[in-house]
$ cat work_22.txt   # compact mmCIF, C-alpha atoms and all ligand atoms
# COMPACT_ATOMS: atom_id res chain seq x y z
CA MET A 1 9.46 -4.38 22.15
CA THR A 2 13.08 -3.24 22.10
CA LYS A 3 13.55 0.45 22.66
CA MET A 4 15.30 2.10 19.78
CA THR A 5 18.15 4.51 20.36
CA SER A 6 19.39 6.15 17.24
CA GLN A 7 21.39 9.06 16.09
CA TYR A 8 21.38 10.37 12.56
CA VAL A 9 24.18 12.56 11.26
CA ARG A 10 23.54 13.86 7.82
CA ILE A 11 26.12 15.19 5.39
CA LYS A 12 23.91 14.66 2.46
CA ASN A 13 24.80 16.36 -0.78
CA THR A 14 21.66 17.34 -2.65
CA ALA A 15 23.40 16.27 -5.83
CA MET A 16 22.98 12.76 -4.51
CA LYS A 17 19.31 13.05 -5.36
CA LEU A 18 20.48 12.47 -8.90
CA SER A 19 20.82 8.85 -7.83
CA THR A 20 17.08 8.59 -8.47
CA VAL A 21 17.76 9.06 -12.14
CA CYS A 22 20.19 6.17 -12.11
CA ALA A 23 17.61 3.68 -10.94
CA PHE A 24 19.76 1.24 -9.03
CA ALA A 25 22.75 3.39 -8.10
CA ILE A 26 23.46 3.76 -4.41
CA PHE A 27 25.27 6.89 -3.35
CA SER A 28 24.95 8.43 0.06
CA PHE A 29 27.13 10.29 2.49
CA THR A 30 24.61 9.73 5.25
CA VAL A 31 26.21 8.37 8.41
CA VAL A 32 23.74 6.41 10.43
CA SER A 33 24.28 4.84 13.77
CA ALA A 34 21.21 3.05 15.03
CA SER A 35 20.65 -0.01 17.10
CA ASP A 36 19.03 -2.33 14.60
CA LEU A 37 15.73 -3.85 15.48
CA TYR A 38 16.20 -6.53 12.87
CA ALA A 39 17.46 -9.64 14.62
CA THR A 40 19.26 -10.60 11.44
CA ASN A 41 20.22 -8.82 8.27
CA ARG A 42 17.81 -8.73 5.36
CA LEU A 43 18.40 -9.89 1.80
CA ILE A 44 18.02 -6.84 -0.39
CA GLN A 45 17.64 -6.85 -4.17
CA LEU A 46 19.63 -3.86 -5.42
CA SER A 47 19.35 -4.43 -9.13
CA GLU A 48 18.30 -7.23 -11.40
CA ASP A 49 21.50 -9.17 -10.76
CA LYS A 50 22.70 -7.80 -7.41
CA GLN A 51 21.53 -8.92 -3.96
CA GLU A 52 23.13 -8.20 -0.56
CA TRP A 53 22.43 -8.98 3.10
CA LEU A 54 22.01 -5.59 4.82
CA SER A 55 21.25 -4.26 8.30
CA GLU A 56 18.47 -1.76 9.09
CA SER A 57 20.88 1.17 9.13
CA GLN A 58 22.29 0.10 5.76
CA ILE A 59 18.72 -0.15 4.45
CA ASN A 60 17.94 3.33 5.77
CA LYS A 61 20.97 4.66 3.90
CA LEU A 62 19.47 3.18 0.76
CA ILE A 63 16.16 4.91 1.47
CA SER A 64 17.81 8.28 2.02
CA SER A 65 19.79 7.91 -1.19
CA ASP A 66 16.49 7.34 -3.07
CA ALA A 67 17.85 4.05 -4.36
CA ARG A 68 15.45 1.45 -5.72
CA PHE A 69 15.57 -1.74 -3.70
CA ARG A 70 13.41 -4.53 -2.44
CA ASP A 71 13.53 -6.76 0.62
CA ILE A 72 13.36 -10.29 -0.77
CA THR A 73 14.28 -12.20 2.40
CA ASP A 74 10.92 -13.89 2.59
CA ILE A 75 10.21 -14.34 -1.09
CA ARG A 76 13.59 -15.51 -2.37
CA ASP A 77 12.51 -19.16 -2.40
CA VAL A 78 9.19 -18.54 -4.11
CA PRO A 79 9.30 -20.22 -7.52
CA GLU A 80 8.45 -18.12 -10.58
CA ASN A 81 4.69 -18.21 -11.13
CA ALA A 82 4.04 -19.79 -7.73
CA ASN A 83 0.34 -20.32 -7.10
CA GLN A 84 -0.40 -20.14 -10.83
CA ALA A 85 -2.46 -23.34 -10.65
CA ALA A 86 -4.67 -21.76 -8.00
CA LEU A 87 -5.62 -18.70 -10.10
CA LEU A 88 -9.30 -18.00 -9.52
CA ASP A 89 -11.64 -16.58 -12.13
CA ILE A 90 -12.44 -12.92 -12.00
CA PRO A 91 -15.20 -11.34 -14.09
CA THR A 92 -14.48 -10.02 -17.58
CA SER A 93 -17.50 -7.72 -17.68
CA LEU A 94 -19.54 -5.73 -15.17
CA THR A 95 -22.83 -7.08 -13.86
CA HIS A 96 -23.34 -5.09 -10.65
CA GLN A 97 -23.88 -1.54 -11.96
CA LYS A 98 -27.27 -1.15 -10.35
CA LEU A 99 -26.10 -2.32 -6.98
CA VAL A 100 -22.96 -0.14 -7.08
CA SER A 101 -24.94 2.94 -8.10
CA GLY A 102 -26.93 2.48 -4.88
CA LEU A 103 -23.72 2.42 -2.85
CA LEU A 104 -21.94 5.42 -4.35
CA PRO A 105 -24.11 8.16 -2.78
CA ARG A 106 -23.14 6.81 0.64
CA VAL A 107 -19.48 7.73 0.08
CA THR A 108 -18.44 10.79 2.12
CA LYS A 109 -15.52 13.19 2.02
CA ASP A 110 -15.84 13.97 5.74
CA VAL A 111 -14.76 10.60 7.10
CA PRO A 112 -11.61 10.36 4.93
CA GLN A 113 -10.83 13.99 5.79
CA SER A 114 -11.10 13.58 9.55
CA VAL A 115 -9.26 10.23 9.63
CA LEU A 116 -6.46 11.65 7.48
CA ALA A 117 -6.19 14.72 9.74
CA ASN A 118 -5.56 12.39 12.68
CA LEU A 119 -3.19 10.09 10.81
CA THR A 120 -1.06 13.00 9.60
CA SER A 121 -0.87 14.41 13.13
CA PHE A 122 1.55 11.65 14.16
CA THR A 123 5.13 12.91 13.75
CA ASN A 124 5.54 10.04 11.32
CA ARG A 125 4.29 6.49 10.90
CA TYR A 126 7.72 4.94 10.49
CA TYR A 127 7.36 1.17 10.78
CA ASN A 128 10.42 0.57 12.93
CA SER A 129 9.52 3.01 15.68
CA GLU A 130 7.17 3.81 18.51
CA ASN A 131 5.39 6.32 16.25
CA GLY A 132 4.66 3.54 13.78
CA ARG A 133 3.36 1.27 16.53
CA LYS A 134 1.11 3.98 17.97
CA SER A 135 -0.28 5.12 14.62
CA SER A 136 -1.19 1.51 13.83
CA ALA A 137 -2.95 1.08 17.18
CA TRP A 138 -4.86 4.30 16.55
CA LEU A 139 -5.87 3.14 13.07
CA LEU A 140 -7.12 -0.22 14.34
CA SER A 141 -9.26 1.41 17.03
CA THR A 142 -10.60 3.92 14.48
CA ILE A 143 -11.60 1.08 12.13
CA GLN A 144 -13.35 -0.65 15.01
CA SER A 145 -15.25 2.46 16.02
CA LEU A 146 -16.26 3.42 12.46
CA VAL A 147 -17.39 -0.12 11.68
CA PRO A 148 -18.78 -1.53 14.94
CA GLY A 149 -18.61 -5.31 15.10
CA ILE A 150 -16.08 -5.61 12.27
CA ASN A 151 -13.66 -8.52 12.48
CA ALA A 152 -10.42 -6.46 12.51
CA ASN A 153 -7.08 -7.49 13.96
CA SER A 154 -3.47 -6.51 13.98
CA PHE A 155 -0.99 -8.76 12.19
CA PRO A 156 2.36 -8.64 13.99
CA HIS A 157 5.77 -8.42 12.32
CA ARG A 158 9.34 -8.56 13.64
CA PHE A 159 9.30 -4.73 13.87
CA PRO A 160 7.02 -2.60 16.10
CA GLN A 161 4.33 -1.63 13.58
CA PRO A 162 1.74 -4.34 12.89
CA SER A 163 -0.25 -4.60 9.69
CA ILE A 164 -4.05 -4.55 10.09
CA ILE A 165 -6.55 -6.94 8.53
CA ALA A 166 -10.34 -6.48 8.54
CA ARG A 167 -12.56 -9.21 7.12
CA ILE A 168 -16.14 -9.53 5.89
CA GLU A 169 -17.04 -13.18 5.59
CA GLY A 170 -18.29 -14.46 2.23
CA THR A 171 -21.68 -16.15 2.16
CA GLN A 172 -21.03 -18.74 -0.58
CA ASN A 173 -17.29 -19.08 -1.08
CA PRO A 174 -15.80 -17.78 2.16
CA ASN A 175 -12.43 -19.38 1.38
CA GLU A 176 -12.05 -17.23 -1.72
CA ILE A 177 -10.73 -13.82 -0.73
CA VAL A 178 -10.81 -10.44 -2.43
CA ILE A 179 -8.24 -8.10 -0.90
CA ILE A 180 -8.42 -4.29 -0.90
CA SER A 181 -5.14 -2.84 0.39
CA ALA A 182 -3.06 0.25 1.18
CA HIS A 183 0.04 0.91 3.27
CA GLN A 184 -0.27 2.64 6.62
CA ASP A 185 3.38 3.62 7.18
CA SER A 186 5.07 6.87 6.16
CA ILE A 187 8.69 7.91 5.96
CA ASN A 188 10.85 11.00 6.08
CA GLU A 189 13.68 9.82 3.88
CA GLU A 190 16.12 12.30 5.44
CA ASP A 191 15.45 11.12 8.99
CA PRO A 192 13.17 8.07 9.19
CA VAL A 193 12.90 7.79 12.99
CA ALA A 194 12.52 11.40 14.15
CA GLY A 195 11.71 13.39 11.00
CA ARG A 196 8.25 14.72 10.22
CA ALA A 197 6.48 12.52 7.68
CA PRO A 198 2.76 13.25 7.47
CA GLY A 199 2.49 10.85 4.54
CA ALA A 200 -0.82 12.41 3.54
CA ASP A 201 -0.70 11.18 -0.03
CA ASP A 202 1.85 8.37 0.49
CA ASP A 203 -0.09 6.55 1.67
CA GLY A 204 -2.51 8.17 4.09
CA SER A 205 -4.69 8.69 1.01
CA GLY A 206 -4.89 4.97 0.22
CA THR A 207 -5.37 4.21 3.91
CA VAL A 208 -8.47 6.41 4.19
CA THR A 209 -9.70 5.42 0.72
CA ILE A 210 -10.02 1.77 1.68
CA LEU A 211 -11.36 2.59 5.14
CA GLU A 212 -14.20 4.61 3.58
CA ALA A 213 -14.89 1.75 1.16
CA LEU A 214 -15.04 -0.67 4.11
CA ARG A 215 -17.30 1.69 6.08
CA VAL A 216 -19.75 2.16 3.21
CA PHE A 217 -19.79 -1.50 2.21
CA ALA A 218 -20.18 -2.79 5.77
CA HIS A 219 -23.03 -0.36 6.52
CA SER A 220 -24.85 -1.19 3.27
CA GLY A 221 -25.82 -4.62 4.55
CA LEU A 222 -24.73 -6.20 1.25
CA LYS A 223 -23.42 -9.74 1.50
CA PRO A 224 -20.46 -10.73 -0.68
CA LYS A 225 -20.30 -14.33 -1.92
CA ARG A 226 -16.51 -14.31 -1.60
CA SER A 227 -14.86 -12.99 1.58
CA VAL A 228 -13.58 -9.45 1.39
CA GLU A 229 -10.51 -8.34 3.34
CA PHE A 230 -9.06 -4.89 3.88
CA HIS A 231 -5.31 -4.84 4.53
CA TRP A 232 -3.30 -1.91 5.84
CA TYR A 233 0.31 -2.97 5.43
CA ALA A 234 3.09 -1.92 7.77
CA GLY A 235 6.64 -1.25 6.61
CA GLU A 236 6.02 -0.70 2.90
CA GLU A 237 8.63 2.05 2.93
CA GLY A 238 11.16 -0.34 4.45
CA GLY A 239 10.94 -2.59 1.37
CA LEU A 240 7.38 -3.99 1.13
CA LEU A 241 7.90 -5.68 4.51
CA GLY A 242 4.32 -5.97 5.79
CA SER A 243 2.92 -7.31 2.54
CA ALA A 244 5.83 -9.76 2.25
CA ASP A 245 4.89 -11.26 5.63
CA VAL A 246 1.13 -11.22 5.01
CA SER A 247 1.39 -12.72 1.52
CA LYS A 248 3.66 -15.42 2.92
CA ALA A 249 1.12 -16.21 5.65
CA TYR A 250 -1.55 -16.48 2.92
CA GLU A 251 0.34 -19.18 1.02
CA GLY A 252 -2.19 -21.87 0.21
CA LYS A 253 -5.17 -19.54 0.65
CA LYS A 254 -7.33 -18.74 -2.35
CA VAL A 255 -6.84 -15.06 -3.05
CA ALA A 256 -8.95 -14.11 -6.08
CA ALA A 257 -7.36 -10.67 -6.54
CA VAL A 258 -5.70 -7.79 -4.71
CA LEU A 259 -6.57 -4.17 -5.49
CA HIS A 260 -3.86 -1.98 -3.97
CA PHE A 261 -4.24 1.76 -3.37
CA ASP A 262 -0.96 3.65 -2.98
CA MET A 263 -1.53 7.42 -3.55
CA THR A 264 -5.04 8.54 -4.47
CA GLY A 265 -5.19 12.21 -3.49
CA TYR A 266 -2.96 14.23 -5.80
CA PRO A 267 -4.28 14.59 -9.35
CA MET A 268 -2.43 16.42 -12.07
CA SER A 269 -3.95 19.12 -14.27
CA SER A 270 -5.92 16.66 -16.36
CA PRO A 271 -7.18 14.17 -13.78
CA ALA A 272 -6.97 10.48 -14.65
CA VAL A 273 -6.49 7.10 -13.08
CA GLY A 274 -3.09 5.55 -13.77
CA ILE A 275 -3.20 1.80 -14.35
CA VAL A 276 0.11 0.31 -13.21
CA THR A 277 0.97 -2.32 -15.80
CA ASP A 278 4.14 -3.80 -14.32
CA TYR A 279 4.09 -6.33 -11.45
CA THR A 280 0.30 -6.53 -11.95
CA ASP A 281 -2.13 -8.91 -13.67
CA SER A 282 -3.41 -7.99 -17.12
CA ASN A 283 -6.88 -9.52 -16.62
CA THR A 284 -7.33 -7.57 -13.39
CA ASN A 285 -6.09 -4.42 -15.15
CA ASP A 286 -8.68 -4.97 -17.91
CA LEU A 287 -11.43 -5.28 -15.31
CA LEU A 288 -10.11 -2.23 -13.44
CA ARG A 289 -10.29 -0.10 -16.61
CA LYS A 290 -13.96 -1.10 -16.99
CA ILE A 291 -14.68 -0.29 -13.34
CA VAL A 292 -13.07 3.15 -13.62
CA ALA A 293 -15.11 3.87 -16.76
CA ALA A 294 -18.37 2.70 -15.21
CA TYR A 295 -18.09 4.18 -11.73
CA THR A 296 -16.08 7.41 -12.18
CA ASP A 297 -15.82 10.24 -14.70
CA LEU A 298 -12.05 9.78 -15.09
CA PRO A 299 -10.12 8.44 -18.08
CA THR A 300 -7.41 5.81 -17.51
CA ASN A 301 -3.81 5.87 -18.59
CA ASP A 302 -1.36 2.95 -18.49
CA ILE A 303 1.76 3.68 -16.44
CA VAL A 304 4.82 1.73 -15.33
CA CYS A 305 6.76 2.05 -12.10
CA GLY A 306 9.71 0.19 -13.60
CA TYR A 307 10.42 -1.58 -10.30
CA ALA A 308 8.51 -3.23 -7.43
CA CYS A 309 7.22 0.14 -6.25
CA SER A 310 4.56 -0.97 -3.75
CA ASP A 311 2.88 -3.89 -2.00
CA HIS A 312 1.09 -5.26 -5.07
CA ALA A 313 4.52 -6.62 -6.06
CA SER A 314 4.57 -8.90 -2.97
CA TRP A 315 1.38 -10.56 -4.22
CA ASN A 316 2.47 -10.58 -7.83
CA ALA A 317 5.67 -12.41 -6.78
CA ARG A 318 3.45 -15.17 -5.40
CA GLY A 319 1.35 -15.47 -8.54
CA VAL A 320 -1.67 -13.71 -7.06
CA ARG A 321 -3.61 -11.34 -9.32
CA ALA A 322 -2.96 -7.72 -8.35
CA ALA A 323 -3.81 -4.28 -9.77
CA VAL A 324 -3.14 -0.68 -8.74
CA PRO A 325 -5.32 2.33 -9.59
CA PHE A 326 -2.93 5.29 -9.22
CA GLU A 327 -3.82 8.95 -8.61
CA CYS A 328 -2.70 10.41 -11.92
CA GLN A 329 -1.54 9.69 -15.44
CA LYS A 330 2.21 9.78 -14.66
CA VAL A 331 4.25 8.27 -11.83
CA GLU A 332 6.30 11.46 -11.50
CA GLY A 333 3.32 13.51 -10.25
CA ASN A 334 3.71 14.17 -6.53
CA THR A 335 7.21 15.36 -5.62
CA ASN A 336 6.29 15.96 -1.95
CA ILE A 337 6.39 12.32 -0.91
CA HIS A 338 8.77 11.07 1.81
CA SER A 339 9.13 14.62 3.14
CA PRO A 340 7.30 16.99 5.53
CA LYS A 341 5.68 18.51 2.44
CA ASP A 342 3.40 15.50 1.92
CA SER A 343 0.74 17.24 4.02
CA ILE A 344 -3.06 17.08 4.17
CA ASP A 345 -3.54 20.53 2.59
CA THR A 346 -2.19 19.10 -0.70
CA ILE A 347 -4.90 16.43 -0.83
CA ASP A 348 -7.84 16.74 -3.21
CA PHE A 349 -10.65 14.87 -1.47
CA ASP A 350 -13.01 15.16 -4.46
CA HIS A 351 -10.43 13.17 -6.38
CA LEU A 352 -9.76 10.75 -3.52
CA VAL A 353 -13.40 9.72 -3.17
CA LYS A 354 -13.39 8.56 -6.79
CA PHE A 355 -10.96 5.86 -5.66
CA VAL A 356 -13.37 4.87 -2.89
CA LYS A 357 -15.89 4.29 -5.68
CA ILE A 358 -13.39 2.20 -7.62
CA ALA A 359 -12.81 0.06 -4.51
CA LEU A 360 -16.57 -0.40 -4.03
CA GLY A 361 -17.06 -1.31 -7.70
CA PHE A 362 -14.23 -3.83 -7.48
CA ILE A 363 -15.66 -5.43 -4.33
CA ALA A 364 -19.13 -5.71 -5.84
CA GLU A 365 -17.90 -7.18 -9.11
CA VAL A 366 -15.15 -9.52 -7.88
CA ALA A 367 -16.64 -10.65 -4.57
CA ASP A 368 -20.09 -10.83 -6.18
CA ALA A 369 -22.13 -8.89 -3.71
CA ASP A 370 -25.90 -8.89 -3.69
N1 LIG A 401 4.01 5.27 -3.06
C1 LIG A 401 5.37 4.93 -3.32
C2 LIG A 401 5.58 4.39 -4.71
C3 LIG A 401 5.34 5.38 -5.80
C4 LIG A 401 5.89 6.64 -5.74
C5 LIG A 401 4.59 5.01 -6.87
C6 LIG A 401 5.65 7.55 -6.75
C7 LIG A 401 4.37 5.90 -7.89
C8 LIG A 401 4.88 7.19 -7.81
C9 LIG A 401 5.85 3.90 -2.31
O1 LIG A 401 5.40 4.18 -1.03
C10 LIG A 401 7.35 3.94 -2.27
O2 LIG A 401 7.88 4.92 -1.82
N2 LIG A 401 8.00 2.90 -2.75
C11 LIG A 401 9.44 2.86 -2.74
C12 LIG A 401 9.93 1.45 -3.00
C13 LIG A 401 9.76 0.52 -1.82
C14 LIG A 401 10.18 -0.89 -2.21
C15 LIG A 401 10.55 0.98 -0.61
C16 LIG A 401 9.99 3.78 -3.83
O3 LIG A 401 9.28 4.06 -4.80
O4 LIG A 401 11.15 4.18 -3.72
ZN ZN A 402 6.49 5.91 -0.34
$ encode --input "work_22.txt" --output "C-alpha cells"
Amino acid sequence: MTKMTSQYVRIKNTAMKLSTVCAFAIFSFTVVSASDLYATNRLIQLSEDKQEWLSESQINKLISSDARFRDITDIRDVPENANQAALLDIPTSLTHQKLVSGLLPRVTKDVPQSVLANLTSFTNRYYNSENGRKSSAWLLSTIQSLVPGINANSFPHRFPQPSIIARIEGTQNPNEIVIISAHQDSINEEDPVAGRAPGADDDGSGTVTILEALRVFAHSGLKPKRSVEFHWYAGEEGGLLGSADVSKAYEGKKVAAVLHFDMTGYPMSSPAVGIVTDYTDSNTNDLLRKIVAAYTDLPTNDIVCGYACSDHASWNARGVRAAVPFECQKVEGNTNIHSPKDSIDTIDFDHLVKFVKIALGFIAEVADAD
C-alpha cells in the first residue's frame, strides 16, 4: 500500500466550531498538505442540494471544520427505494424470550473491557493510515482467537483499513442475512493521521458490543435459521466509506435487517436507549423498542441525527431495513468524541453490556435461532 507522507499545519480558530451549529456550513482555516491515497476525487454531498468532487485533504478539512457531509460516490446511481421489492419480513412481536434469557447470563464485562483497552491503545484507528490498517488486523485476529473456527475475513477497500465480516451460516434460509454492525475506525478531527484518537465510545464501544454478542452467540451452540453476519466497518469517519463499499457488494443479496451500534458506552444521568428515527426503518424501530423493553431495564427515546450520521444510512440508501440503538436519550450527549478525550475511563461497561443484550435479542428474534 502507498506510504503516506503528510504534514498538517493548523491555524484553527476555535470559533470555527460554531460551524457545527450551522449544519452544512464549511469554514476552516486548516491548511493541509497530504499526498492523497484516493486515486480519484470523491463525490461529497455537502447539503441537500450541493455536491462537489473533493480530494482526501479537502475531505479532511471538512472533518476538522465539523461540517456535515457524506461520500456518495458509490451510491449516487442508486435509485430511491432501491431493493424495496426484496424487503424481507421481520417479526412484529417477540417469540424467543426464553431462549434469550438463557443467553443473557453469558454476557461478560471483562471481554469488552480488555478488547477495548487494546483497541484504544492504538494511537488512532484512522482509516487512511498505517494505524488504521494495523488496528484492523489486530481486531480480526482477536475475533478469530475469541471465537475459534469462526468464518471471519477482511473486506478490502481502496484505502489501507479493511472492513471485517464474520458470518454464522443459517440452517434454513442461509441466503437471508441479519447484519449486526459497528465501525472500527476512530478519528482525531484536529489531526486525523497523527493525532491521538482512542475512539473509546466512537466507536470502540460498538465494536466491542457486537464482538461480545458474537462471542456469546457462537459459544451458545444455537443455530440461526437465517445467516447472521457481524460487520466492523472501516472509514466511517471518512464519510461512511466502508459501509458504502460493503452495501454495494451486497447488492442483490437478501439482507433482512441491519442493527448498527455506534456509541453504546456513555449514558446520561437518566439512562435510556435512543432510537434513531431518521435514515432507519420504522418496522425495525418498532421491533427494536420491544427488544429493549424485553431484554433490558432501560426506557427508549426517539432521537434524530438530522443527517446521515453513521453506517446505517448506507444500507438505508439501498432500501435495506436498518435501525440504531444509541447510548442515550439525546444525540448531544458525549462531547469527547473525535478527540483524545474519548478515552476508556469514560466508558460505563454496565451500560454497554445492555447493548450486547439488545444485539443478542435482535439476532434471536430476526434470525430465528433455536
Ligand atoms: N458516532 C458518530 C455519529 C454521532 C455522533 C451520532 C454523536 C450521534 C451523536 C459518527 O462516528 C460520526 O462522527 N459521524 C459523522 C458523519 C460521518 C458521515 C463522517 C458526524 O456525525 O459528523
Ligand atoms: Zn465519529
$ closest_residue --input "work_22.txt" --among "A:Ile344, A:Val208, A:Leu62, A:Ala249" --to "ligand LIG 401 (chain A)" --atoms "all atoms listed in the file"
A:Leu62
$ residues_around --input "work_22.txt" --residues "Glu169 of chain A" --least-positions-apart "2" --cutoff "10 Å" --atoms "all atoms listed in the file" --output "MDAnalysis selection string"
chainID A and resid 151 166:167 171:177 223:229
$ atom_distance --input "work_22.txt" --atom1 "atom C6 of ligand LIG 401 (chain A)" --atom2 "atom CA of Cys309 of chain A"
7.6 Å
$ residues_around --input "work_22.txt" --residues "Ser136 of chain A" --least-positions-apart "3" --cutoff "8 Å" --atoms "only C-alpha atoms" --output "list in words"
Arg125, Gly132, Arg133, Leu139, Leu140, Gln161, Pro162, Ser163, Ile164 and Gln184 of chain A
$ residues_around --input "work_22.txt" --residues "segment 356-361 of chain A" --least-positions-apart "6" --cutoff "9 Å" --atoms "all atoms listed in the file" --output "VMD selection string"
chain A and resid 96 to 97 100 to 101 103 to 104 107 180 208 to 214 216 to 217 259 261 288 291 to 292 294 to 296 325
$ closest_atom_pairs --input "work_22.txt" --of "segment 248-290 of chain A" --to "segment 352-355 of chain A" --cutoff "12 Å" --atoms "only C-alpha atoms" --output "tab-separated table"
residue	atom	partner	partner_atom	distance
A:Leu259	CA	A:Phe355	CA	10.9
A:His260	CA	A:Phe355	CA	10.7
A:Phe261	CA	A:Phe355	CA	8.2
A:Asp262	CA	A:Phe355	CA	10.6
A:Met263	CA	A:Leu352	CA	8.9
A:Thr264	CA	A:Leu352	CA	5.3
A:Gly265	CA	A:Leu352	CA	4.8
A:Tyr266	CA	A:Leu352	CA	8.0
A:Pro267	CA	A:Leu352	CA	8.9
A:Pro271	CA	A:Lys354	CA	10.9
A:Ala272	CA	A:Lys354	CA	10.3
A:Val273	CA	A:Phe355	CA	8.8
A:Gly274	CA	A:Phe355	CA	11.3
A:Leu288	CA	A:Phe355	CA	11.3
$ residues_near_ligand --input "work_22.txt" --ligand "ligand LIG 401 (chain A)" --cutoff "9 Å" --atoms "all atoms listed in the file" --output "ChimeraX atom specification"
/A:20,63,66-71,183,185-187,201-203,235-241,261-263,276,304-305,307-311,313,326-327,330-335,337-338
$ atom_distance --input "work_22.txt" --atom1 "atom CA of Ala367 of chain A" --atom2 "atom CA of Asp89 of chain A"
10.8 Å
$ atom_distance --input "work_22.txt" --atom1 "atom CA of Val115 of chain A" --atom2 "atom CA of Gly206 of chain A"
11.6 Å
$ closest_residue --input "work_22.txt" --among "A:Asp191, A:Trp138, A:Ala117, A:Thr108" --to "Ser65 of chain A" --atoms "all atoms listed in the file"
A:Asp191
$ closest_residue --input "work_22.txt" --among "A:Ala197, A:Ala293, A:Ile303, A:Ile90" --to "ligand ZN 402 (chain A)" --atoms "only C-alpha atoms and all ligand atoms"
A:Ala197
$ closest_residue --input "work_22.txt" --among "A:Thr92, A:Asn301, A:Ser64, A:Thr123" --to "Ala194 of chain A" --atoms "only C-alpha atoms"
A:Thr123
$ residues_near_point --input "work_22.txt" --point "(-12.9, -14.4, -11.4)" --cutoff "12 Å" --atoms "all atoms listed in the file" --output "list in words"
Ala86, Leu87, Leu88, Asp89, Ile90, Pro91, Thr92, Ser93, Leu94, Glu176, Ile177, Val178, Arg226, Lys254, Val255, Ala256, Ala257, Val258, Asn283, Thr284, Leu287, Arg321, Phe362, Ile363, Glu365, Val366, Ala367 and Asp368 of chain A
$ axis_aligned_box --input "work_22.txt" --around "segment 298-309 of chain A" --padding-each-side "6 Å" --output "JSON"
{"center_x": -0.8, "center_y": 3.3, "center_z": -12.4, "size_x": 34.5, "size_y": 25.0, "size_z": 24.3}
$ closest_residue --input "work_22.txt" --among "A:Ala182, A:Leu298, A:Met268, A:Val246" --to "ligand ZN 402 (chain A)" --atoms "all atoms listed in the file"
A:Ala182
$ closest_residue --input "work_22.txt" --among "A:Asn336, A:Leu119, A:Pro112, A:Thr346" --to "ligand ZN 402 (chain A)" --atoms "all atoms listed in the file"
A:Asn336
